[in-house]
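S.K.: My structure file coords_0.txt, compact mmCIF, C-alpha atoms, is below:
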```txt
# COMPACT_ATOMS: atom_id res chain seq x y z
CA MET A 645 37.05 74.74 -40.25
CA ALA A 646 36.67 74.82 -36.45
CA GLU A 647 36.10 78.17 -34.78
CA GLY A 648 39.38 79.78 -33.90
CA ALA A 649 41.45 77.43 -36.13
CA PRO A 650 44.07 79.13 -38.32
CA GLY A 651 43.32 79.32 -42.01
CA LYS A 652 46.82 78.25 -42.92
CA PRO A 653 48.98 75.77 -41.10
CA ARG A 654 51.94 77.26 -39.34
CA GLU A 655 55.32 75.80 -38.54
CA ASP A 656 55.37 72.81 -36.25
CA GLY A 657 55.83 73.65 -32.57
CA ILE A 658 54.19 75.42 -29.64
CA ALA A 659 52.91 78.96 -29.75
CA LYS A 660 52.02 81.09 -26.70
CA GLY A 661 49.83 84.12 -26.26
CA GLY A 662 46.54 84.44 -24.49
CA HIS A 663 46.21 80.70 -25.14
CA LEU A 664 48.35 77.64 -25.95
CA GLU A 665 48.59 76.31 -29.58
CA TYR A 666 50.33 73.19 -30.84
CA TYR A 667 51.10 72.28 -34.47
CA GLY A 668 52.33 68.80 -35.36
CA PRO A 669 52.71 66.72 -38.57
CA VAL A 670 50.49 63.78 -39.60
CA LEU A 671 52.64 61.12 -41.30
CA LEU A 672 51.80 58.08 -43.41
CA LYS A 673 54.59 55.70 -44.36
CA GLY A 674 57.09 58.42 -43.62
CA GLU A 675 55.32 61.02 -45.67
CA ARG A 676 53.48 63.98 -44.29
CA ILE A 677 49.88 63.96 -45.30
CA GLY A 678 48.58 66.65 -42.95
CA THR A 679 48.93 68.78 -39.82
CA ILE A 680 47.37 68.41 -36.39
CA TYR A 681 46.38 71.54 -34.53
CA VAL A 682 45.54 71.74 -30.80
CA ARG A 683 44.53 74.91 -28.95
CA SER A 684 43.94 75.42 -25.22
CA ASP A 685 42.48 78.58 -23.66
CA TYR A 686 44.02 79.93 -20.38
CA SER A 687 40.89 81.72 -19.21
CA GLN A 688 39.36 78.74 -17.42
CA LEU A 689 42.71 77.93 -15.75
CA ARG A 690 43.00 81.52 -14.58
CA ASP A 691 39.49 81.40 -13.15
CA TRP A 692 40.31 78.20 -11.27
CA THR A 693 43.55 79.66 -9.94
CA ALA A 694 41.84 82.84 -8.74
CA ALA A 695 39.16 80.83 -7.00
CA TYR A 696 41.74 78.67 -5.23
CA ALA A 697 43.76 81.76 -4.20
CA TRP A 698 40.78 83.45 -2.59
CA THR A 699 39.89 80.24 -0.81
CA PHE A 700 43.46 79.87 0.52
CA ALA A 701 43.53 83.50 1.66
CA GLY A 702 40.30 83.03 3.51
CA VAL A 703 41.58 79.92 5.24
CA VAL A 704 44.80 81.75 6.29
CA ALA A 705 42.83 84.71 7.61
CA LEU A 706 40.55 82.42 9.55
CA MET A 707 43.50 80.55 11.07
CA ALA A 708 45.20 83.82 12.03
CA LEU A 709 42.05 85.03 13.71
CA LEU A 710 41.73 81.73 15.53
CA ALA A 711 45.36 81.91 16.67
CA LEU A 712 44.83 85.47 17.95
CA VAL A 713 41.79 84.39 19.91
CA LEU A 714 43.59 81.40 21.39
CA SER A 715 46.62 83.57 22.26
CA SER A 716 44.40 86.06 24.07
CA LEU A 717 42.67 83.29 25.97
CA LEU A 718 45.90 81.47 26.94
CA GLN A 719 48.12 84.50 27.61
CA LYS A 720 47.09 85.03 31.20
CA PRO A 721 47.61 81.49 32.58
CA PHE A 722 50.95 81.00 30.75
CA SER A 723 52.58 84.44 30.49
CA ALA A 724 51.47 85.99 33.79
CA PRO A 725 53.72 83.71 35.92
CA LEU A 726 56.68 84.42 33.61
CA VAL A 727 56.09 88.16 33.79
CA GLU A 728 55.91 87.99 37.58
CA LEU A 729 59.05 85.85 37.66
CA ALA A 730 60.90 88.40 35.52
CA GLU A 731 59.78 91.21 37.85
CA ILE A 732 61.03 89.35 40.93
CA ALA A 733 64.34 88.71 39.18
CA ARG A 734 64.66 92.44 38.39
CA GLN A 735 64.00 93.42 42.01
CA VAL A 736 66.51 90.90 43.30
CA SER A 737 69.13 92.19 40.88
CA GLU A 738 68.57 95.85 41.79
CA LYS A 739 68.03 95.56 45.56
CA LYS A 740 70.21 92.50 46.26
CA ASP A 741 67.31 91.28 48.42
CA TYR A 742 67.39 87.49 48.23
CA SER A 743 64.46 87.11 50.62
CA LEU A 744 61.99 87.83 47.80
CA ARG A 745 60.03 84.90 46.34
CA ALA A 746 57.90 84.37 43.22
CA ARG A 747 54.38 82.93 43.55
CA LYS A 748 53.75 79.46 42.19
CA HIS A 749 50.52 79.36 40.08
CA GLY A 750 50.36 75.67 39.21
CA GLY A 751 52.11 72.36 38.93
CA ASP A 752 53.05 72.56 35.25
CA GLU A 753 56.43 73.40 33.75
CA THR A 754 56.00 77.09 34.63
CA GLY A 755 55.28 76.18 38.23
CA LEU A 756 58.39 73.98 38.30
CA LEU A 757 60.45 76.88 36.93
CA VAL A 758 59.16 79.20 39.68
CA GLU A 759 59.88 76.55 42.32
CA LYS A 760 63.50 76.10 41.19
CA PHE A 761 63.96 79.87 40.99
CA ASN A 762 62.80 80.22 44.61
CA GLU A 763 65.12 77.40 45.68
CA MET A 764 68.03 79.21 44.05
CA LEU A 765 67.15 82.42 45.93
CA ALA A 766 66.96 80.47 49.20
CA GLN A 767 70.42 78.99 48.64
CA ILE A 768 71.92 82.40 47.84
CA GLN A 769 70.25 83.90 50.91
CA ALA A 770 71.62 81.15 53.14
CA ARG A 771 75.10 81.60 51.66
CA ASP A 772 75.02 85.37 52.22
CA GLU A 773 73.86 84.95 55.80
CA ALA A 774 76.70 82.50 56.44
CA LEU A 775 79.22 84.88 54.87
CA GLU A 776 77.90 87.76 56.94
CA GLU A 777 78.19 85.72 60.12
CA ALA A 778 81.73 84.66 59.20
CA ARG A 779 82.63 88.27 58.42
CA ASN A 780 81.33 89.43 61.79
CA GLN A 781 83.24 86.68 63.57
CA LEU A 782 86.41 87.57 61.69
CA GLU A 783 86.05 91.25 62.56
CA GLN A 784 85.59 90.31 66.20
CA ARG A 785 88.68 88.09 66.13
CA VAL A 786 90.69 90.86 64.45
CA LYS A 787 89.61 93.29 67.17
CA GLU A 788 90.61 90.79 69.85
CA ARG A 789 93.99 90.12 68.21
CA THR A 790 94.59 93.84 67.77
CA ARG A 791 93.82 94.43 71.44
CA ASP A 792 96.16 91.60 72.43
CA LEU A 793 98.87 93.02 70.16
CA GLU A 794 98.47 96.49 71.65
CA GLU A 795 98.78 95.05 75.13
CA ALA A 796 101.86 93.07 74.08
CA ASN A 797 103.41 96.21 72.62
CA LYS A 798 102.76 98.08 75.85
CA GLU A 799 104.42 95.29 77.79
CA LEU A 800 107.35 95.37 75.37
CA GLU A 801 107.69 99.13 75.79
CA SER A 802 107.62 98.67 79.55
CA PHE A 803 110.29 96.00 79.28
CA SER A 804 112.42 98.23 77.06
CA TYR A 805 112.14 101.02 79.61
CA SER A 806 113.25 98.62 82.34
CA VAL A 807 116.18 97.48 80.21
CA ALA A 808 117.19 101.06 79.44
CA HIS A 809 117.02 102.26 83.03
CA ASP A 810 116.54 99.65 85.75
CA LEU A 811 119.04 97.10 84.39
CA ARG A 812 121.66 99.57 83.27
CA ALA A 813 121.99 101.17 86.71
CA PRO A 814 123.21 98.04 88.52
CA LEU A 815 125.44 97.15 85.58
CA ARG A 816 127.10 100.57 85.75
CA SER A 817 127.57 100.12 89.48
CA ILE A 818 129.18 96.70 89.08
CA HIS A 819 131.46 97.94 86.33
CA GLY A 820 132.32 101.15 88.16
CA PHE A 821 133.20 99.53 91.50
CA SER A 822 135.20 96.86 89.69
CA GLN A 823 137.23 99.57 87.99
CA VAL A 824 137.77 101.32 91.34
CA LEU A 825 139.06 98.10 92.86
CA LEU A 826 141.45 97.60 89.95
CA GLU A 827 142.75 101.15 90.00
CA ASP A 828 142.77 102.09 93.72
CA TYR A 829 143.31 98.74 95.41
CA SER A 830 145.43 96.92 92.88
CA GLY A 831 148.25 96.69 95.40
CA SER A 832 146.06 94.74 97.79
CA LEU A 833 145.02 92.23 95.14
CA ASP A 834 147.01 89.35 93.79
CA ASP A 835 146.98 88.41 90.11
CA THR A 836 144.10 86.00 90.60
CA GLY A 837 141.93 88.70 92.16
CA LYS A 838 142.79 91.14 89.40
CA GLY A 839 141.90 88.49 86.84
CA TYR A 840 138.53 88.02 88.46
CA LEU A 841 137.83 91.73 88.39
CA ASP A 842 138.89 91.91 84.74
CA ARG A 843 136.40 89.14 83.96
CA VAL A 844 133.66 91.00 85.86
CA CYS A 845 134.36 94.17 83.89
CA GLY A 846 134.33 92.25 80.63
CA ALA A 847 131.05 90.56 81.51
CA THR A 848 129.39 93.88 82.36
CA ARG A 849 130.60 95.35 79.07
CA ARG A 850 129.19 92.39 77.14
CA MET A 851 125.94 92.67 79.06
CA GLY A 852 125.78 96.34 78.17
CA HIS A 853 126.31 95.55 74.50
CA LEU A 854 123.59 92.89 74.69
CA LEU A 855 121.14 95.35 76.24
CA ASP A 856 121.96 97.86 73.50
CA ASP A 857 121.32 95.26 70.80
CA MET A 858 118.05 94.17 72.40
CA LEU A 859 116.88 97.77 72.56
CA ASN A 860 117.81 98.28 68.92
CA LEU A 861 115.91 95.13 67.97
CA SER A 862 112.86 96.41 69.84
CA ARG A 863 113.07 99.84 68.21
CA VAL A 864 113.36 98.58 64.63
CA THR A 865 110.28 96.40 65.19
CA ARG A 866 108.08 99.21 66.57
CA SER A 867 109.41 102.39 64.99
CA ALA A 868 107.51 104.00 62.14
CA LEU A 869 109.10 103.86 58.69
CA ARG A 870 110.01 107.10 56.96
CA PRO A 871 111.19 105.88 53.55
CA THR A 872 113.06 108.08 51.12
CA GLN A 873 115.69 107.75 48.40
CA VAL A 874 119.07 106.90 49.92
CA ASP A 875 122.52 106.50 48.36
CA MET A 876 124.11 103.82 50.53
CA ARG A 877 127.67 104.40 49.28
CA PRO A 878 128.50 107.44 51.48
CA VAL A 879 126.77 105.77 54.46
CA ALA A 880 128.94 102.67 54.01
CA ALA A 881 132.07 104.80 53.60
CA GLU A 882 131.34 106.59 56.89
CA ILE A 883 130.79 103.30 58.73
CA PHE A 884 134.02 101.86 57.28
CA GLY A 885 135.88 104.99 58.40
CA ASP A 886 134.62 104.54 61.97
CA LEU A 887 135.80 100.93 61.94
CA GLN A 888 139.25 101.97 60.81
CA GLN A 889 139.45 104.57 63.58
CA GLN A 890 138.63 101.90 66.16
CA GLN A 891 141.41 99.64 64.81
CA PRO A 892 143.87 101.90 62.99
CA GLY A 893 146.46 99.15 62.80
CA ARG A 894 144.36 96.96 60.46
CA LYS A 895 144.70 97.08 56.68
CA VAL A 896 141.41 96.23 55.02
CA GLU A 897 140.59 96.85 51.35
CA LEU A 898 137.07 98.23 50.74
CA VAL A 899 135.58 97.95 47.25
CA MET A 900 132.27 99.68 46.55
CA ALA A 901 130.11 100.25 43.50
CA ALA A 902 129.00 103.81 42.72
CA PRO A 903 126.30 104.78 43.34
CA LEU A 904 124.22 102.39 45.46
CA PRO A 905 120.67 103.81 45.49
CA ALA A 906 117.93 102.33 47.67
CA PHE A 907 114.48 103.39 48.85
CA GLY A 908 113.94 103.02 52.57
CA ASP A 909 114.20 104.51 56.03
CA PRO A 910 117.66 106.17 56.24
CA GLY A 911 118.14 105.36 59.94
CA LEU A 912 117.21 101.71 59.53
CA ILE A 913 119.32 101.34 56.39
CA ARG A 914 122.30 102.62 58.39
CA ILE A 915 121.68 99.93 61.02
CA VAL A 916 121.65 97.28 58.26
CA LEU A 917 124.98 98.46 56.84
CA ASP A 918 126.48 98.95 60.30
CA ASN A 919 125.79 95.31 61.19
CA LEU A 920 126.76 93.75 57.84
CA LEU A 921 129.95 95.79 57.38
CA GLY A 922 130.78 95.36 61.06
CA ASN A 923 130.46 91.58 60.72
CA ALA A 924 132.62 91.59 57.58
CA TRP A 925 135.25 93.65 59.44
CA LYS A 926 135.12 91.33 62.47
CA PHE A 927 135.30 88.03 60.60
CA THR A 928 138.23 89.15 58.41
CA GLY A 929 140.22 90.08 61.54
CA LYS A 930 142.58 87.12 61.20
CA ARG A 931 143.51 87.79 57.57
CA GLY A 932 146.40 89.97 56.50
CA ASP A 933 144.83 90.51 53.07
CA ALA A 934 141.33 91.35 54.32
CA ARG A 935 138.92 92.50 51.63
CA ILE A 936 135.30 93.74 51.89
CA GLU A 937 133.10 94.42 48.87
CA PHE A 938 129.79 96.28 48.84
CA GLY A 939 127.86 96.26 45.55
CA GLN A 940 124.70 95.25 43.72
CA ALA A 941 123.73 92.47 41.32
CA GLN A 942 120.79 90.82 39.59
CA ILE A 943 120.01 87.58 41.43
CA ASP A 944 117.20 85.45 39.96
CA GLY A 945 115.54 88.55 38.57
CA ASP A 946 115.84 90.50 41.86
CA HIS A 947 117.84 93.70 42.21
CA ALA A 948 119.95 92.76 45.23
CA PHE A 949 122.69 94.44 47.24
CA PHE A 950 125.50 92.39 48.75
CA VAL A 951 128.28 92.63 51.32
CA ARG A 952 131.08 90.14 50.61
CA ASP A 953 134.22 89.36 52.61
CA ASN A 954 137.07 86.87 52.48
CA GLY A 955 136.99 86.08 56.18
CA ALA A 956 136.25 83.02 58.30
CA GLY A 957 132.97 82.09 56.61
CA PHE A 958 130.61 79.46 58.02
CA ASP A 959 129.09 76.07 57.24
CA MET A 960 125.90 76.47 55.15
CA ALA A 961 124.40 73.53 57.06
CA HIS A 962 123.82 76.01 59.90
CA ALA A 963 122.57 78.86 57.73
CA THR A 964 119.02 78.58 59.13
CA LYS A 965 120.34 79.84 62.50
CA LEU A 966 121.94 82.96 61.07
CA PHE A 967 119.01 85.31 61.66
CA SER A 968 117.75 83.86 64.95
CA VAL A 969 118.21 85.93 68.10
CA PHE A 970 121.16 84.87 70.31
CA HIS A 971 122.28 82.14 67.87
CA ARG A 972 125.98 82.25 67.03
CA LEU A 973 128.00 80.13 64.58
CA HIS A 974 131.38 80.95 66.15
CA ARG A 975 132.66 80.78 69.70
CA GLU A 976 132.83 83.97 71.77
CA SER A 977 136.56 83.44 72.21
CA GLU A 978 137.03 83.50 68.41
CA PHE A 979 134.77 86.36 67.42
CA PRO A 980 132.92 88.40 70.07
CA GLY A 981 129.26 89.33 69.61
CA THR A 982 125.76 89.02 71.04
CA GLY A 983 123.97 87.13 68.26
CA VAL A 984 121.37 89.87 67.81
CA GLY A 985 122.78 91.91 64.91
CA LEU A 986 121.69 89.70 62.00
CA ALA A 987 118.23 89.20 63.54
CA THR A 988 117.91 93.00 63.62
CA VAL A 989 119.02 93.24 59.99
CA GLN A 990 116.47 90.64 58.89
CA ARG A 991 113.60 92.44 60.62
CA ILE A 992 114.55 95.74 59.00
CA VAL A 993 114.74 94.14 55.54
CA LEU A 994 111.40 92.37 56.01
CA ARG A 995 109.75 95.61 57.12
CA HIS A 996 110.89 97.13 53.84
CA GLY A 997 109.23 94.31 51.91
CA GLY A 998 112.54 92.68 50.98
CA LYS A 999 114.47 89.53 51.85
CA ILE A 1000 117.96 88.59 53.01
CA TRP A 1001 120.04 85.44 52.56
CA ALA A 1002 123.69 84.37 52.70
CA GLU A 1003 126.18 82.19 50.87
CA SER A 1004 129.40 80.98 52.46
CA ALA A 1005 131.94 78.25 52.99
CA VAL A 1006 134.25 77.66 55.95
CA GLY A 1007 137.49 79.59 55.46
CA GLN A 1008 136.30 81.14 52.17
CA GLY A 1009 134.40 84.18 53.38
CA ALA A 1010 130.70 84.99 53.25
CA THR A 1011 128.32 87.01 51.07
CA PHE A 1012 125.11 88.50 52.44
CA TYR A 1013 122.47 89.50 49.89
CA PHE A 1014 119.49 91.70 50.69
CA THR A 1015 116.73 93.43 48.74
CA PHE A 1016 114.26 96.25 49.34
CA ALA A 1017 110.83 96.25 47.73
CA ARG A 1018 110.56 98.79 44.90
CA GLN A 1019 107.65 100.77 46.26
CA GLU A 1020 107.17 104.25 47.63
CA ASN A 1021 105.42 103.32 50.87
CA PRO A 1022 106.66 100.02 52.27
CA SER A 1023 104.89 98.95 55.46
```
Could I get this file's structure written as structure tokens?
M.R.:
Amino acid sequence: MAEGAPGKPREDGIAKGGHLEYYGPVLLKGERIGTIYVRSDYSQLRDWTAAYAWTFAGVVALMALLALVLSSLLQKPFSAPLVELAEIARQVSEKKDYSLRARKHGGDETGLLVEKFNEMLAQIQARDEALEEARNQLEQRVKERTRDLEEANKELESFSYSVAHDLRAPLRSIHGFSQVLLEDYSGSLDDTGKGYLDRVCGATRRMGHLLDDMLNLSRVTRSALRPTQVDMRPVAAEIFGDLQQQQPGRKVELVMAAPLPAFGDPGLIRIVLDNLLGNAWKFTGKRGDARIEFGQAQIDGDHAFFVRDNGAGFDMAHATKLFSVFHRLHRESEFPGTGVGLATVQRIVLRHGGKIWAESAVGQGATFYFTFARQENPS
């Protein structure tokens, strides 16, 4: 019996332990005549495995050491330019100094990276210098325009002073002496002469109204805004009452919403209402059933106020002339006026950050809409 063989055959199969054993049948013509036994010891395999493991570990350690040495040797030529580039980038970011440049250490990929980085800095520097020059030029132009505007305002103030004093004096003289001629020398004048004097007096009155409107237009353009919360209903009622006192014989229906709050300069808002309600009163003068409405509505998402009348109206083809100075859509003989009122209204509305527009048809009245910006400090 071989050394280590079992004394008695075991069941066929594979057994494990400190070694590998195999039992299998020996057959002859289908009959079992014996058993085959094979045994393999693991000890030699373990010794081989251990030897290979130590060899592999040694190779890995040697490669790691070699890699460390190579890394130390190659670190300076490859990493130093990148470290310097990162430092330059940090300084540029912190100081916003685009005149800094990184040094190029060679013609390899790292050198190309440094070169492109420097080109980028040069482009940014050139752009900033151009922007600075443009900014300086713009500031200079703004100063020049501001100086020109101040001079123009001074000239306008001087003109307004002349209108208020120098032009009014001769107008008062013309009107006064014309009235004296009509009252004290009417017996010496025929009807033609009296008619001429009446026309002179009327012209001086119209000229006086025109000067007043021009002065108002100048004031609303230059005066400082003092915005506050205003209920426009009582202001409109007071203006309507004044109109009725001037023409007590007229019957005009006034319809107003309550209340009508707005945020703006009270004095300028009164000028707006005075002109719009005055126009509505004037252009309904030929109607026996005159009606004026003052209210508010949502128009295309805007909170708008409106003044509507059922008077003469106008052709919308000429609507672009409504707010131009001295432009009139009706003859003086039909409806008197200077053509300055609506231009004044538009400037006031624009100064409050709003807008104004009109809708009308000939013989069907007109509606003027206007808005004020919803802000506490309109400029």
S.K.: When you count only C-alpha atoms, which of these residues is closest to Cys845 (chain A): A:Arg779, A:Arg785, A:Arg870, A:Arg816?
M.R.: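 Between A:Arg779, A:Arg785, A:Arg870, A:Arg816, the residue approaching Cys845 (chain A) most closely is A:Arg816.
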S.K.: Counting all atoms listed in the file, which of A:Gly929, A:Arg995, A:Gln735, A:Val899 gets nearest to Val951 (chain A)?
M.R.: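 Ranking A:Gly929, A:Arg995, A:Gln735, A:Val899 by distance to Val951 (chain A), first place goes to A:Val899.
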S.K.: Any idea what's packed within 10 Å of Ala766 (chain A), counting all atoms listed in the file, ignoring anything in its chain fewer than 6 positions away? Could you give it as JSON, numbers by chain?
M.R.: {"A": [742, 743, 744, 745, 760, 772]}
S.K.: May I ask which of the residues A:Leu726, A:Ala963, A:Leu921, A:Ala770 is the closest one to Lys748 (chain A), counting all atoms listed in the file?
M.R.: A:Leu726
S.K.: So, with all atoms listed in the file as the atoms that count, which of A:Val874, A:Met900, A:Ala746, A:Ala906 lies closest to Arg935 (chain A)?
M.R.: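 Of A:Val874, A:Met900, A:Ala746, A:Ala906, the one nearest Arg935 (chain A), counting all atoms listed in the file, is A:Met900.
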S.K.: Report, in Å to a single decimal, how far apart CA of Ala880 (chain A) and CA of Glu897 (chain A) are.
M.R.: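 CA of Ala880 (chain A) lies at a distance of 13.3 Å from CA of Glu897 (chain A).
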S.K.: Would you list the contacts of His749 (chain A) as a PDB file with C-alpha atoms, in the frame of the given file, taking every protein, DNA or RNA residue within 9 Å and counting only C-alpha atoms, but skipping same-chain residues closer than 3 positions in sequence?
M.R.:
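Listing of result01.pdb after writing:
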```pdb
ATOM      1  CA  PRO A 721      47.610  81.490  32.580  1.00  0.00           C
ATOM      2  CA  PRO A 725      53.720  83.710  35.920  1.00  0.00           C
ATOM      3  CA  ASP A 752      53.050  72.560  35.250  1.00  0.00           C
ATOM      4  CA  THR A 754      56.000  77.090  34.630  1.00  0.00           C
ATOM      5  CA  GLY A 755      55.280  76.180  38.230  1.00  0.00           C
ATOM      6  CA  VAL A 758      59.160  79.200  39.680  1.00  0.00           C
TER       7      VAL A 758
END
```
S.K.: If you measure from CA of Ser1004 (chain A) to CA of Asp953 (chain A), what distance in Å do you get, rounded to one decimal?
M.R.: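 Computing the Euclidean distance for CA of Ser1004 (chain A) and CA of Asp953 (chain A) yields 9.7 Å.
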S.K.: Would you work out the distance separating CA of Glu1003 (chain A) from CA of Asn954 (chain A), expressed in Å to one decimal?
M.R.: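 According to the coordinates, CA of Glu1003 (chain A) and CA of Asn954 (chain A) are separated by 12.0 Å.
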S.K.: Considering only C-alpha atoms, return as an MDAnalysis selection string whatever protein or nucleic-acid residues lie within 12 Å of region 821-834 of chain A, sequence-local ones (same chain, fewer than 3 positions apart) excluded.
M.R.: chainID A and resid 814:818 837:849
S.K.: Every residue with an atom at most 10 Å from (119.8, 98.6, 58.4) (file coordinates; all atoms listed in the file) is what I'm after, so could you write them as a list in words?
M.R.: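 Looking at atoms near the point gives Val864, Gly908, Asp909, Pro910, Gly911, Leu912, Ile913, Arg914, Ile915, Val916, Leu917, Asp918, Asn919, Leu920, Gly985, Leu986, Thr988, Val989, Gln990, Arg991, Ile992 and Val993 of chain A.
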